[in-house]
Amino acid sequence: MPPLEEVWRLYLRRFTVDHWYRFLKQRLHWTVPKLSTPKQCERWSDLMPLMTWELWLARDIVTDNPLPSPKGRG
């Protein structure tokens with residue numbers, strides 16, 4: 001068993017990872033594609049981190065311009 005200080009540090013990292021996965025699933029629609037084979041699913045999952053890094057690296061050169069929300073969705 002690792003020391004308590006290390007367990008706590010790793011737990012704090014979990015918070016960031018959990019939010020990253022939620023961002024992938026909700027905003028980048030990670031789970032939306034209906035892929036046919038496990039290999040396609042694996043390849044899609046390998047691409048998701050690369051796409052998020054590209055978005056993060058491009059954050060200074062883009063302007064936030066969200067689409068209007070659909071009717072009835074606040």
# chains A, B, ... in the order shown; residues from 1 in each chain; ligands from 1
call {"tool": "residues_around", "arguments": {"residues": "Lys25 in chain A", "least_positions_apart": "5", "cutoff": "12 Å", "atoms": "only C-alpha atoms", "output": "list in words"}}
result
Asp18, His19, Trp20, Trp30, Thr31, Val32, Pro33, Ser45, Met48, Pro49 and Thr52 of chain A
call {"tool": "select_by_dssp", "arguments": {"residues": "chain A", "states": "helix (DSSP H, G or I)", "output": "NGL selection string"}}
result
:A and (4-26 or 38-57)
call {"tool": "write_last_selection", "arguments": {"atoms": "N, CA and C atoms", "output": "tab-separated table (two decimals), in the first residue's frame"}}
result
chain	number	residue	atom	x	y	z
A	4	LEU	N	-0.05	7.41	2.54
A	4	LEU	CA	-1.28	8.19	2.47
A	4	LEU	C	-1.10	9.46	1.64
A	5	GLU	N	0.05	10.12	1.72
A	5	GLU	CA	0.29	11.33	0.95
A	5	GLU	C	0.20	11.05	-0.56
A	6	GLU	N	0.74	9.90	-0.96
A	6	GLU	CA	0.70	9.55	-2.38
A	6	GLU	C	-0.72	9.19	-2.81
A	7	VAL	N	-1.44	8.47	-1.96
A	7	VAL	CA	-2.83	8.13	-2.27
A	7	VAL	C	-3.65	9.41	-2.46
A	8	TRP	N	-3.45	10.37	-1.58
A	8	TRP	CA	-4.19	11.63	-1.67
A	8	TRP	C	-3.85	12.38	-2.96
A	9	ARG	N	-2.59	12.41	-3.32
A	9	ARG	CA	-2.16	13.09	-4.55
A	9	ARG	C	-2.79	12.41	-5.78
A	10	LEU	N	-2.81	11.09	-5.78
A	10	LEU	CA	-3.42	10.37	-6.90
A	10	LEU	C	-4.93	10.59	-6.94
A	11	TYR	N	-5.55	10.67	-5.78
A	11	TYR	CA	-6.99	10.94	-5.74
A	11	TYR	C	-7.30	12.31	-6.33
A	12	LEU	N	-6.47	13.29	-6.07
A	12	LEU	CA	-6.70	14.63	-6.62
A	12	LEU	C	-6.59	14.62	-8.15
A	13	ARG	N	-5.71	13.79	-8.68
A	13	ARG	CA	-5.60	13.65	-10.14
A	13	ARG	C	-6.86	13.04	-10.73
A	14	ARG	N	-7.51	12.16	-9.97
A	14	ARG	CA	-8.72	11.50	-10.42
A	14	ARG	C	-9.80	12.54	-10.76
A	15	PHE	N	-9.89	13.59	-9.99
A	15	PHE	CA	-10.87	14.64	-10.22
A	15	PHE	C	-10.71	15.22	-11.63
A	16	THR	N	-9.48	15.51	-12.03
A	16	THR	CA	-9.21	16.06	-13.36
A	16	THR	C	-9.57	15.05	-14.44
A	17	VAL	N	-9.20	13.81	-14.24
A	17	VAL	CA	-9.47	12.78	-15.24
A	17	VAL	C	-10.97	12.57	-15.40
A	18	ASP	N	-11.69	12.53	-14.30
A	18	ASP	CA	-13.15	12.35	-14.37
A	18	ASP	C	-13.81	13.47	-15.17
A	19	HIS	N	-13.39	14.70	-14.97
A	19	HIS	CA	-13.96	15.82	-15.70
A	19	HIS	C	-13.58	15.77	-17.17
A	20	TRP	N	-12.39	15.29	-17.47
A	20	TRP	CA	-11.96	15.16	-18.86
A	20	TRP	C	-12.86	14.15	-19.57
A	21	TYR	N	-13.12	13.01	-18.93
A	21	TYR	CA	-13.98	12.01	-19.55
A	21	TYR	C	-15.40	12.54	-19.73
A	22	ARG	N	-15.91	13.29	-18.77
A	22	ARG	CA	-17.25	13.86	-18.91
A	22	ARG	C	-17.28	14.85	-20.07
A	23	PHE	N	-16.24	15.67	-20.22
A	23	PHE	CA	-16.13	16.60	-21.34
A	23	PHE	C	-16.13	15.83	-22.67
A	24	LEU	N	-15.35	14.74	-22.73
A	24	LEU	CA	-15.31	13.94	-23.95
A	24	LEU	C	-16.67	13.37	-24.30
A	25	LYS	N	-17.35	12.85	-23.32
A	25	LYS	CA	-18.63	12.21	-23.58
A	25	LYS	C	-19.73	13.21	-23.91
A	26	GLN	N	-19.78	14.32	-23.19
A	26	GLN	CA	-20.88	15.26	-23.36
A	26	GLN	C	-20.63	16.27	-24.47
A	38	PRO	N	-14.73	-3.70	-32.77
A	38	PRO	CA	-13.94	-3.25	-31.63
A	38	PRO	C	-12.70	-2.45	-32.05
A	39	LYS	N	-12.11	-2.80	-33.18
A	39	LYS	CA	-10.94	-2.08	-33.67
A	39	LYS	C	-11.29	-0.62	-34.00
A	40	GLN	N	-12.46	-0.39	-34.59
A	40	GLN	CA	-12.90	0.98	-34.89
A	40	GLN	C	-13.13	1.76	-33.60
A	41	CYS	N	-13.73	1.11	-32.61
A	41	CYS	CA	-13.95	1.76	-31.31
A	41	CYS	C	-12.62	2.12	-30.66
A	42	GLU	N	-11.67	1.21	-30.74
A	42	GLU	CA	-10.35	1.46	-30.16
A	42	GLU	C	-9.66	2.63	-30.86
A	43	ARG	N	-9.74	2.65	-32.18
A	43	ARG	CA	-9.12	3.74	-32.94
A	43	ARG	C	-9.77	5.08	-32.59
A	44	TRP	N	-11.11	5.10	-32.49
A	44	TRP	CA	-11.83	6.33	-32.12
A	44	TRP	C	-11.39	6.79	-30.74
A	45	SER	N	-11.27	5.86	-29.81
A	45	SER	CA	-10.85	6.21	-28.45
A	45	SER	C	-9.40	6.69	-28.41
A	46	ASP	N	-8.57	6.18	-29.31
A	46	ASP	CA	-7.19	6.67	-29.39
A	46	ASP	C	-7.14	8.10	-29.94
A	47	LEU	N	-8.08	8.44	-30.81
A	47	LEU	CA	-8.09	9.78	-31.40
A	47	LEU	C	-8.61	10.85	-30.45
A	48	MET	N	-9.48	10.49	-29.53
A	48	MET	CA	-10.09	11.48	-28.64
A	48	MET	C	-9.07	12.30	-27.85
A	49	PRO	N	-8.06	11.68	-27.22
A	49	PRO	CA	-7.07	12.51	-26.51
A	49	PRO	C	-6.31	13.45	-27.44
A	50	LEU	N	-6.02	12.99	-28.66
A	50	LEU	CA	-5.31	13.85	-29.61
A	50	LEU	C	-6.17	15.06	-29.99
A	51	MET	N	-7.46	14.83	-30.18
A	51	MET	CA	-8.35	15.94	-30.53
A	51	MET	C	-8.47	16.93	-29.38
A	52	THR	N	-8.52	16.44	-28.15
A	52	THR	CA	-8.63	17.38	-27.03
A	52	THR	C	-7.36	18.20	-26.88
A	53	TRP	N	-6.19	17.58	-27.11
A	53	TRP	CA	-4.94	18.34	-27.04
A	53	TRP	C	-4.92	19.42	-28.12
A	54	GLU	N	-5.39	19.08	-29.32
A	54	GLU	CA	-5.42	20.09	-30.38
A	54	GLU	C	-6.34	21.25	-30.01
A	55	LEU	N	-7.49	20.93	-29.43
A	55	LEU	CA	-8.38	22.01	-28.99
A	55	LEU	C	-7.73	22.86	-27.91
A	56	TRP	N	-7.06	22.21	-26.98
A	56	TRP	CA	-6.41	22.95	-25.89
A	56	TRP	C	-5.29	23.83	-26.43
A	57	LEU	N	-4.50	23.30	-27.36
A	57	LEU	CA	-3.39	24.07	-27.92
A	57	LEU	C	-3.89	25.24	-28.77
